[in-house]
Amino acid sequence: MRFLKSLVRGNKSYKSGEQAKEVLEHCVSTNLSNNLMTIKHLFTEMPDLVIRNFTISQTSEQAALVYIDGLIDKVSINEHILHPLLHEYRSNQTSSHPLVAIGSTRSTCSWLEIEDALFLGYSALFINGRSECILCDSQGWPQRALEEPQTESTLKGAHQGFIETAKQNIALIRRYIPNRELKIKELKVGKRGKTQISILYLADVVNPEVLREMINRINDIRVDAIINTGEIEELIEDNSFSIFPQLLVTERPDAVASHILQGRIALVVDASPGVLIGPMTFTSFFQTVDDYSTRWIVASTLRLLRFLGLFIAIFLPSLYIAVITFHYEVIPLQLLLTLGQSRAIVPFPPIIEALMMEIFLEMLREAGLRLPAPVGQAVGIVGGIVIGQAAVQAGLVSNIMVIVVSMTAIASFIIPNYDMSTSIRLLRFPMMVLAALFGMVGIVVGTMTVVGHLLSLESLKTPYGTPIGPVNFADHKDTFIRFPMWKLDRRPYSAKPKQLTRFNWDKDSGE
Amino acid sequence: MKKVMVLISIFILGMSTACAEDKIYLEETSLTLAIGLDLDDNNNLIVYQTNPVFSEEATKKVDIKSAYNVQTLRQAREIFNAMSNGNVVGGKVQVFLFSKRFLQEENPVKYLDTFLRDPKNAVNVVMAVVDGSVSEVLNAKLEDKPRIAVYLNNLIERTHRTESTVRTELDDFYRKIYDKGVTPYMSEIKMGETEILVTGCALLNDNGTYAISLNKQETSFLLLLQQDVDEPVPITFNINKGNGNNGTISATLDNISYKIVTDYIEDKFYFDFQIEADAVLSERNYFTNTEEKLNQLAEVIELRLKHECEDLVKEIQEYEIDPTGLGLYARAYKYDKWKNAKNNWGETFANAEVTVTPKIEIKSFGVIK
């Protein structure tokens, strides 16, 4: 047992109980070698931990700089910490504070804080004779350049997307809202991961109840670690059994800024490019940033198209099944004859035919998603043959079914939010089964169930169905139709903001 | 957990309902598109039906079946079912054909009952009388036309648009049967040498049996009196000027507005159609040398219109039928008198005095003088 333990933790390690005790109860001692010993015991089997011993030239004190390689910026460490300490001497130096050319430093004596800071990329400076440690902000880990998010590209909006560093992401948001009312609350989630979560909101706009709800829910999270924003979304959303996304995850700083300005709350999760926004409403998933930069008539038409797409994506296959299984008499005769001819060659009932095609379509979509582009193309070609003319010629599916499936696919892709679009696509399967079993009655009952569910749904305890139900006429100015910008003088009521007036066209209030 | 149980039980209950037995796959139906009723030489009923054939292997695309020795359409359906590839359904029937002989001998209403009783059956079926045998029309070899039922429906619709025939759908037919103030009528078609022709309309007695046929021009006047004109009404008159100067003029009437004066004087109803219309001269094949004669044209048209319409009404009155629906006016304006007369409105109407006073304004003589 003992051997195994040392195999896992390393020879010099404390037992885990002792570790906790050391970290929680003890403070940094005045003796440098004691401190270094503690560090070596705490951080065993960690070859990326660097301990650099040296003598400070100014005071000739023994000192050690501790950091984790890879999380720090080597230039800061070498040029701005080690270089001044090793070589610079100032005769008029009176402060006991060592000479470090780093903006953000702080002293601490708590091992717990030191441990957290080291893992965040800080470097810890221990000086012999001082019972404290100086933490210098020398963060600098590999990060990618700002890119346009793949799933949320825009034609006319900004082409910057979030990256995996929370600090950067917050900075991107601040660029849009340079206002001191933009407040940030920092929380840590995850026992082991200790993921940094920043809650961004406008203090004079956000509804305090909603903010409290958000903070409470995050504080209630008990998990190991948060790897991605999606996890936190699932942990804090109102109804995990619902098929609809109740919070928005976006990678666009402009979208986040616009939501914050509407009185919503943004959650920046460190190490994840997705920013969580809440509370949301059903209809807001059908709006894009581009809507506000295209002409309002065009934008309104596009929005209406999206809602049409929503209905087509949910209902088209099920309506087709219902009609040719139960209610042939509602189809105009000419179409009916065409349908009959195209169905006559197919050996399966419509539901089997439809399920087959729809499932293959979903597979094709999912397959194409993860494959590298050259292979993805091949999948597209093969898929085009499967869900296409060849299947019709083989007599497996009817022409009309191919058209129905393709139209459904197109209609579902028009929905701008990926999460919502996937949910909508899934919804059509139960609808198809209902249609095959009960015809139009089944579709009606299914629709009622979905609508009832939508109306009862909440997002951070605010109604999800607004402005449709509960009705809010003012919000309809920016729901199905986007009114001209100068008409949108109120923040949407859906987020229940404290300050409703967005601007006053007649007399500038100077807010 | 409780929620899940509820959901599961709803699912099981849903699955076990009998709903799914209503299922009828489109390709397994035998869609009846036309129904024909005729009598054979011994006055036995023959029912015809046509349905499209969906199967790719079948060489014929239309299937025409006939059932003999049946009393009702339901019975005929059983026979058709027994010889069909699919389930015979009546939800898409386009046209009902009755032979003239059938309507002379039989009351069609009792045969149509099933179409109003079963909501899955179509009620917007066009009804037509065939002057001749129904099978001749259904079996017509029209190679340049769509399938017969669709073609007949289009044909009657198209002819109705030019105000040359009526268009009676099943629900409308029933209304006219049950409404005491109006008698039913149908389009009339005939098998010509190679083509199917619309000859005008057939007026029926109040119980649906055949009364009299009208030609296309008479039908236009009937439609005019029925106020059932959406498109300009074409009228053609022979002008006889007495001095050998004969000719024909055609005009179209448009923007027609009506006022019907209803009265009851000396034990009989009195109706006056006051028709105001704009006319456009569309053709004349004789020459007048002066312009004022053209200006008299309005009077000429008025006079002819009055005569034609009044003659038509007199002809109708002889058969004691009222396809113009004047009974509705009697009911609306002279209810106490109507109350006594409603059970034999045909007879009362036959005694009524109907006058037509058209007022025509010629809007255009065309682009040439």
# chains A, B, ... in the order shown; residues from 1 in each chain; ligands from 1
$ select_by_dssp --residues "region 70-255 of chain A" --states "alpha helix (DSSP H)" --output "VMD selection string"
chain A and resid 74 to 75 83 to 87 111 to 119 166 to 176 208 to 219 229 to 236 253 to 255
$ write_last_selection --atoms "C-alpha atoms" --output "PDB file, in the first residue's frame"
ATOM      1  CA  LYS A  74       8.749  33.725 -19.506  1.00  0.00           C
ATOM      2  CA  VAL A  75       9.495  37.309 -20.513  1.00  0.00           C
ATOM      3  CA  HIS A  83      16.399  40.804 -13.673  1.00  0.00           C
ATOM      4  CA  PRO A  84      15.550  43.719 -11.368  1.00  0.00           C
ATOM      5  CA  LEU A  85      15.981  41.576  -8.281  1.00  0.00           C
ATOM      6  CA  LEU A  86      19.312  40.186  -9.367  1.00  0.00           C
ATOM      7  CA  HIS A  87      20.954  43.208 -10.899  1.00  0.00           C
ATOM      8  CA  TRP A 111      -0.661  28.492   1.665  1.00  0.00           C
ATOM      9  CA  LEU A 112      -4.113  27.977   0.244  1.00  0.00           C
ATOM     10  CA  GLU A 113      -3.947  31.253  -1.621  1.00  0.00           C
ATOM     11  CA  ILE A 114      -0.426  30.566  -2.800  1.00  0.00           C
ATOM     12  CA  GLU A 115      -1.449  27.191  -4.159  1.00  0.00           C
ATOM     13  CA  ASP A 116      -4.408  28.638  -6.074  1.00  0.00           C
ATOM     14  CA  ALA A 117      -2.330  31.492  -7.397  1.00  0.00           C
ATOM     15  CA  LEU A 118       0.455  29.223  -8.633  1.00  0.00           C
ATOM     16  CA  PHE A 119      -2.040  27.227 -10.646  1.00  0.00           C
ATOM     17  CA  ALA A 166     -11.615  34.832 -19.330  1.00  0.00           C
ATOM     18  CA  LYS A 167      -9.581  38.008 -18.865  1.00  0.00           C
ATOM     19  CA  GLN A 168      -9.379  38.536 -22.587  1.00  0.00           C
ATOM     20  CA  ASN A 169     -13.056  37.803 -23.007  1.00  0.00           C
ATOM     21  CA  ILE A 170     -14.025  40.327 -20.378  1.00  0.00           C
ATOM     22  CA  ALA A 171     -11.790  42.859 -22.059  1.00  0.00           C
ATOM     23  CA  LEU A 172     -13.586  42.206 -25.348  1.00  0.00           C
ATOM     24  CA  ILE A 173     -16.922  42.900 -23.677  1.00  0.00           C
ATOM     25  CA  ARG A 174     -15.606  46.024 -21.978  1.00  0.00           C
ATOM     26  CA  ARG A 175     -14.603  47.378 -25.361  1.00  0.00           C
ATOM     27  CA  TYR A 176     -18.315  47.533 -26.178  1.00  0.00           C
ATOM     28  CA  PRO A 208     -31.334  42.366  -8.545  1.00  0.00           C
ATOM     29  CA  GLU A 209     -33.681  39.425  -8.041  1.00  0.00           C
ATOM     30  CA  VAL A 210     -32.515  37.803 -11.234  1.00  0.00           C
ATOM     31  CA  LEU A 211     -28.895  38.494 -10.354  1.00  0.00           C
ATOM     32  CA  ARG A 212     -29.346  36.990  -6.919  1.00  0.00           C
ATOM     33  CA  GLU A 213     -30.959  33.935  -8.457  1.00  0.00           C
ATOM     34  CA  MET A 214     -28.019  33.521 -10.815  1.00  0.00           C
ATOM     35  CA  ILE A 215     -25.442  33.907  -8.033  1.00  0.00           C
ATOM     36  CA  ASN A 216     -27.321  31.536  -5.754  1.00  0.00           C
ATOM     37  CA  ARG A 217     -27.522  28.891  -8.398  1.00  0.00           C
ATOM     38  CA  ILE A 218     -23.826  29.128  -9.164  1.00  0.00           C
ATOM     39  CA  ASN A 219     -22.988  28.963  -5.486  1.00  0.00           C
ATOM     40  CA  THR A 229     -19.818  26.581 -20.443  1.00  0.00           C
ATOM     41  CA  GLY A 230     -22.393  24.022 -21.521  1.00  0.00           C
ATOM     42  CA  GLU A 231     -21.891  22.160 -18.237  1.00  0.00           C
ATOM     43  CA  ILE A 232     -22.607  25.188 -16.149  1.00  0.00           C
ATOM     44  CA  GLU A 233     -25.630  25.915 -18.280  1.00  0.00           C
ATOM     45  CA  GLU A 234     -27.079  22.534 -17.506  1.00  0.00           C
ATOM     46  CA  LEU A 235     -26.326  22.924 -13.816  1.00  0.00           C
ATOM     47  CA  ILE A 236     -28.097  26.250 -13.398  1.00  0.00           C
ATOM     48  CA  PRO A 253     -18.616  39.661 -27.749  1.00  0.00           C
ATOM     49  CA  ASP A 254     -21.022  41.986 -29.572  1.00  0.00           C
ATOM     50  CA  ALA A 255     -23.931  39.663 -28.843  1.00  0.00           C
TER      51      ALA A 255
END
$ interface_residues --of "chain B" --to "chain A" --cutoff "6 Å" --atoms "only C-alpha atoms" --output "list in words"
Cys19, Ala20, Lys23, Ile24, Tyr25, Leu26, Glu27, Phe54, Ser55, Gly91 and Lys92 of chain B
$ residues_around --residues "region 277-284 of chain B" --least-positions-apart "3" --cutoff "7 Å" --atoms "only C-alpha atoms" --output "list in words"
Thr248, Ile249, Ser250, Ala251, Thr252, Leu253, Asp254, Asn255, Ile256, Ser257, Lys359, Ile360, Glu361, Ile362, Lys363, Ser364, Phe365 and Gly366 of chain B
$ residues_around --residues "region 346-352 of chain B" --least-positions-apart "3" --cutoff "7 Å" --atoms "only C-alpha atoms" --output "list in words"
Lys268, Phe269, Tyr270, Gln317, Glu318, Glu320, Ile321, Asp322 and Ala341 of chain B
$ write_last_selection --atoms "N, CA and C atoms" --output "PDB file, in the first residue's frame"
ATOM      1  N   LYS B 268    -101.548  37.795 -56.479  1.00  0.00           N
ATOM      2  CA  LYS B 268    -100.350  37.179 -57.064  1.00  0.00           C
ATOM      3  C   LYS B 268     -99.104  38.024 -56.789  1.00  0.00           C
ATOM      4  N   PHE B 269     -98.026  37.275 -56.814  1.00  0.00           N
ATOM      5  CA  PHE B 269     -96.752  37.944 -56.560  1.00  0.00           C
ATOM      6  C   PHE B 269     -96.341  38.742 -57.780  1.00  0.00           C
ATOM      7  N   TYR B 270     -95.634  39.788 -57.472  1.00  0.00           N
ATOM      8  CA  TYR B 270     -95.161  40.651 -58.537  1.00  0.00           C
ATOM      9  C   TYR B 270     -93.681  40.921 -58.283  1.00  0.00           C
ATOM     10  N   GLN B 317     -91.759  29.324 -65.831  1.00  0.00           N
ATOM     11  CA  GLN B 317     -93.005  29.293 -65.067  1.00  0.00           C
ATOM     12  C   GLN B 317     -93.923  28.173 -65.533  1.00  0.00           C
ATOM     13  N   GLU B 318     -93.826  27.827 -66.822  1.00  0.00           N
ATOM     14  CA  GLU B 318     -94.674  26.757 -67.325  1.00  0.00           C
ATOM     15  C   GLU B 318     -94.394  25.441 -66.607  1.00  0.00           C
ATOM     16  N   GLU B 320     -93.460  25.232 -63.525  1.00  0.00           N
ATOM     17  CA  GLU B 320     -93.694  25.450 -62.097  1.00  0.00           C
ATOM     18  C   GLU B 320     -92.420  25.234 -61.280  1.00  0.00           C
ATOM     19  N   ILE B 321     -91.338  25.766 -61.790  1.00  0.00           N
ATOM     20  CA  ILE B 321     -90.084  25.712 -61.031  1.00  0.00           C
ATOM     21  C   ILE B 321     -89.545  27.125 -60.882  1.00  0.00           C
ATOM     22  N   ASP B 322     -88.632  27.302 -59.955  1.00  0.00           N
ATOM     23  CA  ASP B 322     -88.105  28.641 -59.698  1.00  0.00           C
ATOM     24  C   ASP B 322     -86.597  28.610 -59.472  1.00  0.00           C
ATOM     25  N   ALA B 341     -97.943  30.235 -49.256  1.00  0.00           N
ATOM     26  CA  ALA B 341     -97.611  29.696 -50.573  1.00  0.00           C
ATOM     27  C   ALA B 341     -96.406  28.775 -50.555  1.00  0.00           C
TER      28      ALA B 341
END
$ residues_around --residues "Glu310 (chain B)" --least-positions-apart "4" --cutoff "8 Å" --atoms "only C-alpha atoms" --output "PyMOL selection string"
chain B and resi 306+314+354-356
$ write_last_selection --atoms "C-alpha atoms" --output "compact mmCIF listing (two decimals), in the first residue's frame"
# COMPACT_ATOMS: atom_id res chain seq x y z
CA LYS B 306 -86.06 42.52 -71.33
CA LYS B 314 -92.31 32.53 -68.74
CA VAL B 354 -92.18 38.88 -63.40
CA THR B 355 -90.93 41.89 -65.26
CA VAL B 356 -87.42 42.83 -66.13
